[in-house]
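Asks: File work_23.json below, JSON, C-alpha atoms:
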```json
[["chain", "number", "residue", "atom", "x", "y", "z"],
["A", 1, "MET", "CA", 88.88, 93.12, 132.91],
["A", 2, "GLU", "CA", 88.45, 90.31, 130.36],
["A", 3, "LEU", "CA", 89.63, 91.09, 126.83],
["A", 4, "ARG", "CA", 86.71, 90.55, 124.43],
["A", 5, "GLU", "CA", 87.79, 92.35, 121.26],
["A", 6, "ILE", "CA", 91.06, 93.43, 119.68],
["A", 7, "GLU", "CA", 91.95, 95.53, 116.62],
["A", 8, "ILE", "CA", 95.38, 95.10, 115.08],
["A", 9, "PHE", "CA", 97.55, 96.39, 112.25],
["A", 10, "ALA", "CA", 98.83, 93.50, 110.10],
["A", 11, "PRO", "CA", 101.89, 94.73, 108.17],
["A", 12, "ALA", "CA", 102.99, 94.16, 104.62],
["A", 13, "THR", "CA", 106.35, 92.49, 104.11],
["A", 14, "ILE", "CA", 109.12, 92.11, 101.58],
["A", 15, "ALA", "CA", 110.37, 88.55, 101.01],
["A", 16, "ASN", "CA", 113.03, 87.04, 98.74],
["A", 17, "ILE", "CA", 115.35, 89.93, 99.54],
["A", 18, "SER", "CA", 117.68, 89.68, 96.52],
["A", 19, "CYS", "CA", 120.20, 86.98, 97.48],
["A", 20, "GLY", "CA", 117.89, 85.71, 100.25],
["A", 21, "PHE", "CA", 115.46, 83.81, 98.01],
["A", 22, "ASP", "CA", 112.86, 81.91, 100.08],
["A", 23, "VAL", "CA", 114.70, 82.62, 103.36],
["A", 24, "MET", "CA", 114.96, 86.38, 104.03],
["A", 25, "GLY", "CA", 112.21, 88.92, 104.62],
["A", 26, "CYS", "CA", 111.55, 92.24, 106.31],
["A", 27, "CYS", "CA", 108.56, 94.05, 107.77],
["A", 28, "LEU", "CA", 107.06, 97.34, 106.55],
["A", 29, "ASP", "CA", 105.56, 100.01, 108.77],
["A", 30, "SER", "CA", 103.08, 102.14, 106.83],
["A", 31, "ILE", "CA", 101.56, 99.50, 104.52],
["A", 32, "GLY", "CA", 99.20, 96.89, 105.91],
["A", 33, "ASP", "CA", 95.73, 95.65, 106.76],
["A", 34, "THR", "CA", 93.62, 96.16, 109.85],
["A", 35, "MET", "CA", 91.81, 93.27, 111.50],
["A", 36, "ILE", "CA", 89.28, 93.03, 114.31],
["A", 37, "LEU", "CA", 88.82, 89.79, 116.24],
["A", 38, "ARG", "CA", 86.02, 89.20, 118.73],
["A", 39, "LYS", "CA", 85.27, 86.38, 121.12],
["A", 40, "THR", "CA", 82.08, 84.45, 120.38],
["A", 41, "SER", "CA", 80.07, 82.04, 122.52],
["A", 42, "ASP", "CA", 79.70, 79.27, 119.92],
["A", 43, "LYS", "CA", 83.39, 78.21, 119.84],
["A", 44, "SER", "CA", 83.56, 78.38, 116.05],
["A", 45, "VAL", "CA", 86.00, 80.33, 113.85],
["A", 46, "ARG", "CA", 84.16, 82.48, 111.34],
["A", 47, "ILE", "CA", 84.75, 85.37, 108.93],
["A", 48, "SER", "CA", 82.00, 87.96, 109.34],
["A", 49, "LYS", "CA", 83.30, 90.81, 107.18],
["A", 50, "ILE", "CA", 85.93, 91.50, 104.51],
["A", 51, "VAL", "CA", 86.38, 95.03, 103.19],
["A", 52, "GLY", "CA", 88.59, 96.04, 100.28],
["A", 53, "GLU", "CA", 88.94, 92.76, 98.38],
["A", 54, "GLU", "CA", 86.81, 89.79, 97.39],
["A", 55, "LEU", "CA", 88.22, 86.92, 99.41],
["A", 56, "PRO", "CA", 86.72, 83.63, 100.65],
["A", 57, "MET", "CA", 84.35, 83.91, 103.59],
["A", 58, "GLU", "CA", 84.40, 80.15, 104.20],
["A", 59, "PRO", "CA", 86.61, 79.41, 107.23],
["A", 60, "GLU", "CA", 88.36, 76.47, 105.55],
["A", 61, "LYS", "CA", 89.32, 78.62, 102.54],
["A", 62, "ASN", "CA", 90.48, 81.86, 104.18],
["A", 63, "VAL", "CA", 94.11, 82.09, 105.32],
["A", 64, "ALA", "CA", 93.18, 83.95, 108.52],
["A", 65, "SER", "CA", 90.72, 81.37, 109.85],
["A", 66, "VAL", "CA", 92.85, 78.42, 108.70],
["A", 67, "ALA", "CA", 95.82, 79.85, 110.62],
["A", 68, "ILE", "CA", 93.71, 80.20, 113.78],
["A", 69, "MET", "CA", 92.37, 76.66, 113.43],
["A", 70, "ALA", "CA", 95.95, 75.38, 113.15],
["A", 71, "MET", "CA", 96.76, 77.22, 116.37],
["A", 72, "LEU", "CA", 93.73, 75.79, 118.16],
["A", 73, "LYS", "CA", 94.81, 72.24, 117.25],
["A", 74, "ALA", "CA", 98.09, 72.86, 119.07],
["A", 75, "CYS", "CA", 96.44, 74.21, 122.24],
["A", 76, "LYS", "CA", 96.79, 71.98, 125.28],
["A", 77, "VAL", "CA", 93.62, 73.51, 126.70],
["A", 78, "GLN", "CA", 90.90, 74.58, 124.29],
["A", 79, "PRO", "CA", 89.37, 78.05, 124.90],
["A", 80, "ASP", "CA", 85.71, 78.18, 125.95],
["A", 81, "PHE", "CA", 84.94, 80.68, 123.18],
["A", 82, "GLY", "CA", 85.20, 81.05, 119.42],
["A", 83, "PHE", "CA", 86.47, 83.81, 117.13],
["A", 84, "ASP", "CA", 84.77, 86.26, 114.80],
["A", 85, "ILE", "CA", 87.17, 87.79, 112.25],
["A", 86, "GLU", "CA", 86.76, 91.11, 110.43],
["A", 87, "ILE", "CA", 89.37, 91.97, 107.76],
["A", 88, "HIS", "CA", 90.01, 95.34, 106.16],
["A", 89, "LYS", "CA", 92.35, 94.67, 103.24],
["A", 90, "ASN", "CA", 94.73, 97.39, 102.11],
["A", 91, "ILE", "CA", 97.31, 95.02, 100.62],
["A", 92, "LYS", "CA", 96.20, 93.78, 97.22],
["A", 93, "PRO", "CA", 96.44, 90.00, 96.79],
["A", 94, "GLY", "CA", 99.14, 89.05, 94.31],
["A", 95, "SER", "CA", 101.06, 92.26, 94.87],
["A", 96, "GLY", "CA", 104.19, 90.53, 96.14],
["A", 97, "ILE", "CA", 104.23, 92.31, 99.50],
["A", 98, "GLY", "CA", 102.68, 89.64, 101.68],
["A", 99, "SER", "CA", 98.92, 90.10, 101.43],
["A", 100, "SER", "CA", 98.01, 86.58, 102.56],
["A", 101, "ALA", "CA", 100.80, 86.60, 105.14],
["A", 102, "ALA", "CA", 99.43, 89.75, 106.74],
["A", 103, "SER", "CA", 96.03, 88.11, 107.19],
["A", 104, "ALA", "CA", 97.47, 84.87, 108.55],
["A", 105, "ALA", "CA", 99.98, 86.52, 110.87],
["A", 106, "GLY", "CA", 97.51, 89.15, 112.07],
["A", 107, "ALA", "CA", 94.87, 86.52, 112.79],
["A", 108, "VAL", "CA", 97.04, 84.27, 114.97],
["A", 109, "PHE", "CA", 98.57, 87.26, 116.77],
["A", 110, "ALA", "CA", 95.15, 88.68, 117.65],
["A", 111, "ALA", "CA", 93.65, 85.31, 118.59],
["A", 112, "ASN", "CA", 96.66, 84.60, 120.80],
["A", 113, "GLU", "CA", 96.08, 87.90, 122.62],
["A", 114, "LEU", "CA", 92.40, 87.05, 123.19],
["A", 115, "MET", "CA", 93.48, 83.68, 124.61],
["A", 116, "GLY", "CA", 95.89, 85.22, 127.11],
["A", 117, "LYS", "CA", 99.07, 84.69, 125.02],
["A", 118, "PRO", "CA", 99.71, 80.96, 125.45],
["A", 119, "PHE", "CA", 102.18, 81.13, 122.53],
["A", 120, "SER", "CA", 105.22, 83.31, 121.85],
["A", 121, "ASN", "CA", 105.44, 85.18, 118.54],
["A", 122, "HIS", "CA", 108.04, 82.64, 117.37],
["A", 123, "GLU", "CA", 105.63, 79.81, 118.18],
["A", 124, "LEU", "CA", 102.90, 81.51, 116.13],
["A", 125, "ILE", "CA", 104.96, 81.35, 112.91],
["A", 126, "PRO", "CA", 104.11, 77.72, 111.95],
["A", 127, "PHE", "CA", 100.39, 78.39, 112.48],
["A", 128, "ALA", "CA", 100.50, 81.46, 110.23],
["A", 129, "ALA", "CA", 102.47, 79.41, 107.71],
["A", 130, "GLU", "CA", 99.57, 76.93, 107.57],
["A", 131, "GLY", "CA", 97.43, 79.85, 106.42],
["A", 132, "GLU", "CA", 99.99, 80.46, 103.67],
["A", 133, "ARG", "CA", 99.51, 76.86, 102.57],
["A", 134, "VAL", "CA", 95.96, 77.82, 101.53],
["A", 135, "ALA", "CA", 97.26, 80.77, 99.49],
["A", 136, "CYS", "CA", 100.22, 79.21, 97.71],
["A", 137, "GLY", "CA", 100.22, 75.48, 98.40],
["A", 138, "SER", "CA", 103.14, 75.43, 100.85],
["A", 139, "PRO", "CA", 103.50, 76.45, 104.53],
["A", 140, "ILE", "CA", 106.10, 79.12, 103.76],
["A", 141, "ALA", "CA", 107.41, 81.42, 106.48],
["A", 142, "ASP", "CA", 109.48, 84.10, 104.74],
["A", 143, "ASN", "CA", 106.58, 86.61, 104.86],
["A", 144, "VAL", "CA", 104.76, 85.59, 108.04],
["A", 145, "ALA", "CA", 107.97, 85.56, 110.10],
["A", 146, "PRO", "CA", 108.84, 89.26, 109.64],
["A", 147, "ALA", "CA", 105.14, 90.17, 109.97],
["A", 148, "LEU", "CA", 105.10, 88.57, 113.44],
["A", 149, "LEU", "CA", 108.61, 89.40, 114.62],
["A", 150, "GLY", "CA", 109.33, 92.70, 112.86],
["A", 151, "GLY", "CA", 112.59, 93.83, 111.30],
["A", 152, "PHE", "CA", 114.56, 91.39, 109.16],
["A", 153, "THR", "CA", 114.26, 87.63, 109.55],
["A", 154, "LEU", "CA", 115.95, 84.55, 108.13],
["A", 155, "VAL", "CA", 114.24, 81.18, 107.81],
["A", 156, "LYS", "CA", 116.97, 78.73, 108.80],
["A", 157, "GLU", "CA", 114.85, 75.56, 108.69],
["A", 158, "THR", "CA", 111.48, 74.71, 107.17],
["A", 159, "ASP", "CA", 110.68, 71.32, 108.75],
["A", 160, "PRO", "CA", 110.26, 72.16, 111.52],
["A", 161, "ILE", "CA", 110.27, 75.91, 110.95],
["A", 162, "LYS", "CA", 113.13, 77.74, 112.64],
["A", 163, "VAL", "CA", 113.49, 81.51, 112.21],
["A", 164, "ILE", "CA", 116.37, 83.80, 113.19],
["A", 165, "GLU", "CA", 115.69, 87.44, 114.01],
["A", 166, "LEU", "CA", 118.13, 89.91, 112.45],
["A", 167, "PRO", "CA", 118.70, 93.56, 113.33],
["A", 168, "SER", "CA", 117.75, 96.34, 110.95],
["A", 169, "ILE", "CA", 120.06, 99.08, 109.75],
["A", 170, "LYS", "CA", 119.17, 102.23, 111.63],
["A", 171, "GLY", "CA", 116.94, 104.63, 109.65],
["A", 172, "LEU", "CA", 116.44, 102.26, 106.72],
["A", 173, "TYR", "CA", 113.48, 102.96, 104.40],
["A", 174, "ALA", "CA", 111.90, 100.96, 101.60],
["A", 175, "THR", "CA", 110.30, 102.27, 98.42],
["A", 176, "ILE", "CA", 108.13, 99.76, 96.57],
["A", 177, "ILE", "CA", 106.40, 100.01, 93.22],
["A", 178, "HIS", "CA", 103.50, 97.67, 92.54],
["A", 179, "PRO", "CA", 102.64, 97.50, 88.83],
["A", 180, "GLN", "CA", 99.00, 96.45, 88.46],
["A", 181, "ILE", "CA", 99.77, 93.34, 86.43],
["A", 182, "GLU", "CA", 99.25, 89.68, 87.27],
["A", 183, "ILE", "CA", 102.12, 87.24, 87.47],
["A", 184, "LYS", "CA", 100.92, 83.75, 88.23],
["A", 185, "THR", "CA", 102.88, 82.02, 90.99],
["A", 186, "SER", "CA", 103.10, 78.89, 88.84],
["A", 187, "LEU", "CA", 104.77, 80.86, 86.03],
["A", 188, "SER", "CA", 107.16, 82.63, 88.40],
["A", 189, "ARG", "CA", 108.20, 79.21, 89.76],
["A", 190, "ASP", "CA", 108.36, 77.44, 86.40],
["A", 191, "ILE", "CA", 110.66, 80.08, 84.90],
["A", 192, "LEU", "CA", 113.36, 79.33, 87.48],
["A", 193, "PRO", "CA", 116.26, 77.02, 86.56],
["A", 194, "GLN", "CA", 116.40, 73.62, 88.25],
["A", 195, "ASN", "CA", 120.19, 73.71, 88.28],
["A", 196, "VAL", "CA", 122.60, 76.62, 88.85],
["A", 197, "SER", "CA", 126.30, 76.97, 88.26],
["A", 198, "LEU", "CA", 128.67, 76.55, 91.18],
["A", 199, "LYS", "CA", 130.13, 79.99, 90.36],
["A", 200, "HIS", "CA", 126.76, 81.69, 90.82],
["A", 201, "ALA", "CA", 125.90, 79.62, 93.90],
["A", 202, "VAL", "CA", 129.14, 80.70, 95.60],
["A", 203, "LYS", "CA", 128.43, 84.37, 94.81],
["A", 204, "GLN", "CA", 124.89, 83.99, 96.12],
["A", 205, "TRP", "CA", 125.73, 82.50, 99.52],
["A", 206, "ALA", "CA", 128.60, 84.97, 99.93],
["A", 207, "ASN", "CA", 126.08, 87.79, 99.47],
["A", 208, "VAL", "CA", 123.68, 86.25, 102.01],
["A", 209, "GLY", "CA", 126.47, 86.13, 104.58],
["A", 210, "SER", "CA", 127.54, 89.68, 103.74],
["A", 211, "LEU", "CA", 123.96, 90.97, 103.94],
["A", 212, "VAL", "CA", 123.50, 89.47, 107.40],
["A", 213, "HIS", "CA", 126.81, 90.96, 108.54],
["A", 214, "ALA", "CA", 125.82, 94.37, 107.12],
["A", 215, "LEU", "CA", 122.62, 94.31, 109.17],
["A", 216, "HIS", "CA", 124.54, 93.47, 112.33],
["A", 217, "THR", "CA", 127.19, 96.14, 111.75],
["A", 218, "ASN", "CA", 124.95, 98.91, 110.36],
["A", 219, "ASP", "CA", 127.11, 98.98, 107.23],
["A", 220, "HIS", "CA", 125.28, 100.74, 104.36],
["A", 221, "THR", "CA", 128.06, 100.12, 101.85],
["A", 222, "LEU", "CA", 128.26, 96.39, 102.47],
["A", 223, "PHE", "CA", 124.45, 96.19, 102.52],
["A", 224, "ALA", "CA", 124.30, 97.81, 99.07],
["A", 225, "GLU", "CA", 127.04, 95.52, 97.71],
["A", 226, "SER", "CA", 125.18, 92.44, 98.97],
["A", 227, "LEU", "CA", 121.79, 93.24, 97.35],
["A", 228, "LYS", "CA", 122.57, 91.17, 94.27],
["A", 229, "ASP", "CA", 120.78, 88.05, 93.09],
["A", 230, "TYR", "CA", 122.59, 85.82, 90.59],
["A", 231, "ILE", "CA", 120.06, 82.97, 90.56],
["A", 232, "VAL", "CA", 116.41, 84.13, 90.56],
["A", 233, "GLU", "CA", 116.25, 87.76, 89.51],
["A", 234, "PRO", "CA", 117.82, 87.30, 86.04],
["A", 235, "HIS", "CA", 114.86, 85.06, 85.14],
["A", 236, "ARG", "CA", 111.91, 86.58, 87.01],
["A", 237, "SER", "CA", 112.80, 90.16, 86.12],
["A", 238, "LYS", "CA", 111.85, 89.37, 82.51],
["A", 239, "LEU", "CA", 108.21, 89.15, 83.67],
["A", 240, "ILE", "CA", 108.20, 92.68, 85.14],
["A", 241, "PRO", "CA", 108.05, 95.64, 82.72],
["A", 242, "LYS", "CA", 110.80, 98.26, 83.15],
["A", 243, "PHE", "CA", 112.47, 96.28, 85.94],
["A", 244, "ASP", "CA", 116.06, 97.15, 84.98],
["A", 245, "GLU", "CA", 115.16, 100.81, 84.41],
["A", 246, "VAL", "CA", 113.48, 101.05, 87.81],
["A", 247, "ILE", "CA", 116.48, 99.62, 89.65],
["A", 248, "LYS", "CA", 118.94, 101.78, 87.72],
["A", 249, "SER", "CA", 116.95, 104.99, 88.24],
["A", 250, "ALA", "CA", 116.47, 104.19, 91.94],
["A", 251, "ILE", "CA", 120.20, 103.72, 92.47],
["A", 252, "ASN", "CA", 120.91, 106.93, 90.56],
["A", 253, "ALA", "CA", 118.50, 108.67, 92.95],
["A", 254, "GLY", "CA", 120.46, 107.36, 95.94],
["A", 255, "ALA", "CA", 118.94, 103.95, 96.69],
["A", 256, "LEU", "CA", 121.24, 101.31, 98.15],
["A", 257, "GLY", "CA", 119.78, 98.70, 95.82],
["A", 258, "GLY", "CA", 116.67, 96.67, 95.21],
["A", 259, "GLY", "CA", 115.05, 93.63, 93.68],
["A", 260, "ILE", "CA", 111.83, 91.67, 93.23],
["A", 261, "SER", "CA", 109.53, 91.53, 96.23],
["A", 262, "GLY", "CA", 108.19, 88.02, 96.71],
["A", 263, "SER", "CA", 107.47, 86.51, 93.32],
["A", 264, "GLY", "CA", 106.59, 89.94, 91.91],
["A", 265, "PRO", "CA", 105.34, 92.04, 90.31],
["A", 266, "SER", "CA", 106.36, 94.53, 93.03],
["A", 267, "ILE", "CA", 109.89, 95.91, 92.97],
["A", 268, "PHE", "CA", 111.50, 96.97, 96.24],
["A", 269, "THR", "CA", 114.36, 99.38, 96.89],
["A", 270, "PHE", "CA", 116.12, 100.32, 100.13],
["A", 271, "SER", "CA", 117.38, 103.80, 101.08],
["A", 272, "LYS", "CA", 119.41, 105.03, 104.05],
["A", 273, "ASP", "CA", 116.80, 107.64, 105.08],
["A", 274, "SER", "CA", 113.33, 109.00, 104.34],
["A", 275, "LYS", "CA", 114.53, 111.90, 102.18],
["A", 276, "THR", "CA", 116.41, 109.56, 99.87],
["A", 277, "ALA", "CA", 113.43, 107.20, 99.78],
["A", 278, "ASP", "CA", 111.22, 110.09, 98.63],
["A", 279, "ASN", "CA", 113.72, 110.94, 95.87],
["A", 280, "VAL", "CA", 113.69, 107.28, 94.82],
["A", 281, "SER", "CA", 109.89, 107.37, 94.73],
["A", 282, "ILE", "CA", 110.00, 110.33, 92.33],
["A", 283, "ALA", "CA", 112.54, 108.58, 90.11],
["A", 284, "ILE", "CA", 110.47, 105.40, 89.95],
["A", 285, "ASN", "CA", 107.31, 107.39, 89.19],
["A", 286, "ASN", "CA", 109.11, 109.06, 86.31],
["A", 287, "ILE", "CA", 109.80, 105.64, 84.79],
["A", 288, "TYR", "CA", 106.31, 104.16, 85.17],
["A", 289, "LYS", "CA", 104.24, 107.22, 84.30],
["A", 290, "LYS", "CA", 105.54, 106.81, 80.74],
["A", 291, "THR", "CA", 103.90, 103.39, 80.53],
["A", 292, "HIS", "CA", 100.21, 102.55, 80.24],
["A", 293, "ILE", "CA", 100.40, 100.28, 83.29],
["A", 294, "PRO", "CA", 98.50, 101.34, 86.44],
["A", 295, "TYR", "CA", 100.73, 101.24, 89.51],
["A", 296, "HIS", "CA", 101.15, 102.25, 93.14],
["A", 297, "VAL", "CA", 104.33, 103.48, 94.82],
["A", 298, "TYR", "CA", 104.75, 103.07, 98.57],
["A", 299, "THR", "CA", 107.40, 104.41, 100.92],
["A", 300, "SER", "CA", 107.84, 102.96, 104.39],
["A", 301, "LYS", "CA", 110.38, 102.73, 107.15],
["A", 302, "ILE", "CA", 111.25, 99.27, 108.40],
["A", 303, "ASN", "CA", 108.83, 98.09, 111.07],
["A", 304, "GLU", "CA", 110.92, 96.61, 113.88],
["A", 305, "THR", "CA", 108.03, 95.22, 115.98],
["A", 306, "GLY", "CA", 105.70, 93.44, 113.54],
["A", 307, "VAL", "CA", 101.93, 93.21, 114.13],
["A", 308, "LYS", "CA", 100.70, 96.13, 116.25],
["A", 309, "ILE", "CA", 97.75, 96.39, 118.62],
["A", 310, "LEU", "CA", 95.55, 99.37, 117.72],
["A", 311, "LYS", "CA", 92.71, 98.93, 120.21],
["A", 312, "ARG", "CA", 91.54, 96.43, 122.79],
["A", 313, "SER", "CA", 88.39, 96.19, 124.85]]
```
Rewrite the coordinates I just gave you, this time as structure tokens.

Replies:
Amino acid sequence: MELREIEIFAPATIANISCGFDVMGCCLDSIGDTMILRKTSDKSVRISKIVGEELPMEPEKNVASVAIMAMLKACKVQPDFGFDIEIHKNIKPGSGIGSSAASAAGAVFAANELMGKPFSNHELIPFAAEGERVACGSPIADNVAPALLGGFTLVKETDPIKVIELPSIKGLYATIIHPQIEIKTSLSRDILPQNVSLKHAVKQWANVGSLVHALHTNDHTLFAESLKDYIVEPHRSKLIPKFDEVIKSAINAGALGGGISGSGPSIFTFSKDSKTADNVSIAINNIYKKTHIPYHVYTSKINETGVKILKRS
């Protein structure tokens, strides 16, 4: 039976994992959007419905349709149908947990399924990254890669994009707080130093190596020791209210560590199990409920598969 319609779960992601600025990311399991893609007879790519957020309906301005159009350009044989895209947004744009990446990754995954899977999930990453170009000006892959592949990923090369899949520590959970404040991407980039000391650079790449090794060896202690950022976090954390208090209270509640998700304002923490993650959630709530800033706290296990198919017909 020919597949005509598919509904998918497009997961949220954490990128810039402490020492892994611009290269490391991971996939979340209980936070994400849903998308429905349908075949159409007119061979166009269109957005017919967006629920939850006000986002561009024009195909050339929406990350989902742009990503699909990038994929179609790479097809050796063009499909004899088009795509209708319906997006149900649960990830707020600008939250720092991969809102645009979820749309781009989910779109190319679903379209690829409708086309009979001519591309592997690895091959879909550059197309999804083209969607990210619409959102942030660059075809970045540190969010779309874990969304498509699941687990932890490392972007080894950017031109052309090359991504390495990493294992996840068994039972690992993330707790994320999203303060409802706006941090402009331009400001979060401009605040970063153009030069760093050799001392800090050495510490940073040592932590990246240690973090990768901890994931491979299921070593909670080494993982916690490696979640330190000497280059970016000291500057960007100044833009996020109560950042230091959140990290300190989370660690006191049992978290392995944490940092800034994406360019902020969300703060992520990792815990060895769900019970600890719930305790961390309580501790973080206790910090932010004393402020006048609206916020959301999410708890999720690590999603090891990426985009998920919910329904097909």

Asks: Please work out which residues fall within 9 Å of (104.8, 88.6, 90.5), coordinates as given in the file, with all atoms listed in the file counting, and return them as a PyMOL selection string.

Replies: chain A and resi 94-96+181-185+187-188+236+239-240+260-266

Asks: Name the residues in contact with Met24 of chain A at a cut-off of 6 Å, using all atoms listed in the file, excluding same-chain residues fewer than 6 positions from it; report them as a PDB file with C-alpha atoms, keeping the file's coordinate frame.

Replies:
```
ATOM      1  CA  ALA A  15     110.370  88.550 101.010  1.00  0.00           C
ATOM      2  CA  ASN A  16     113.030  87.040  98.740  1.00  0.00           C
ATOM      3  CA  ILE A  17     115.350  89.930  99.540  1.00  0.00           C
ATOM      4  CA  ASP A 142     109.480  84.100 104.740  1.00  0.00           C
ATOM      5  CA  THR A 153     114.260  87.630 109.550  1.00  0.00           C
ATOM      6  CA  LEU A 154     115.950  84.550 108.130  1.00  0.00           C
TER       7      LEU A 154
END
```

Asks: Just give me the gap between atom CA of Leu72 of chain A and atom CA of Ala129 of chain A in Å, one decimal is fine.

Replies: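 Straight-line distance from atom CA of Leu72 of chain A to atom CA of Ala129 of chain A works out to 14.1 Å.
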
Asks: Identify which of the residues A:Pro79, A:Asn279, A:Asn252, A:Ile309 lies closest to Gly116 of chain A, counting only C-alpha atoms when measuring atom-to-atom distances.

Replies: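 Going through A:Pro79, A:Asn279, A:Asn252, A:Ile309 one by one, the smallest distance to Gly116 of chain A is for A:Pro79.
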
Asks: Name the residues in contact with Gly32 of chain A at a cut-off of 9 Å, using all atoms listed in the file, excluding same-chain residues fewer than 6 positions from it; report them as an mmCIF file with C-alpha atoms, in the frame of the given file.

Replies:
```
data_model
loop_
_atom_site.group_PDB
_atom_site.id
_atom_site.type_symbol
_atom_site.label_atom_id
_atom_site.label_comp_id
_atom_site.auth_asym_id
_atom_site.auth_seq_id
_atom_site.Cartn_x
_atom_site.Cartn_y
_atom_site.Cartn_z
ATOM 1 C CA PHE A 9 97.550 96.390 112.250
ATOM 2 C CA ALA A 10 98.830 93.500 110.100
ATOM 3 C CA PRO A 11 101.890 94.730 108.170
ATOM 4 C CA ALA A 12 102.990 94.160 104.620
ATOM 5 C CA THR A 13 106.350 92.490 104.110
ATOM 6 C CA LYS A 89 92.350 94.670 103.240
ATOM 7 C CA ASN A 90 94.730 97.390 102.110
ATOM 8 C CA ILE A 91 97.310 95.020 100.620
ATOM 9 C CA SER A 99 98.920 90.100 101.430
ATOM 10 C CA ALA A 102 99.430 89.750 106.740
#
```

Asks: Between A:Gly254, A:Gly25, A:Pro179, A:Pro167, which is the closest to Lys289 of chain A once you count all atoms listed in the file?

Replies: A:Pro179

Asks: Using all atoms listed in the file, find the one residue out of A:Gly52, A:Gly151, A:Gly106, A:Pro139 that sits nearest to Lys308 of chain A.

Replies: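 Closest to Lys308 of chain A, using all atoms listed in the file: A:Gly106.
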
Asks: Any idea what's packed within 12 Å of Ala214 of chain A, counting all atoms listed in the file, ignoring anything in its chain fewer than 3 positions away? Could you give it as a list in words?

Replies: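 That gives Phe152, Leu166, Pro167, Ser168, Ile169, Lys170, Asn207, Val208, Gly209, Ser210, Leu211, Thr217, Asn218, Asp219, His220, Thr221, Leu222, Phe223, Ala224, Glu225, Ser226 and Leu227 of chain A.
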
Asks: Mind pulling up the distance from atom CA of Ile31 of chain A to atom CA of Phe127 of chain A?

Replies: 22.6 Å

Asks: Using all atoms listed in the file, can you tell me which of A:Val196, A:Val134, A:Ile177, A:Leu310 comes closest to Ile247 of chain A?

Replies: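 Selected residue with least distance to Ile247 of chain A: A:Ile177.
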
Asks: Could you please determine the separation between atom CA of Ile87 of chain A and atom CA of Leu148 of chain A in Å, to one decimal place?

Replies: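 Between atom CA of Ile87 of chain A and atom CA of Leu148 of chain A the gap is 17.1 Å.
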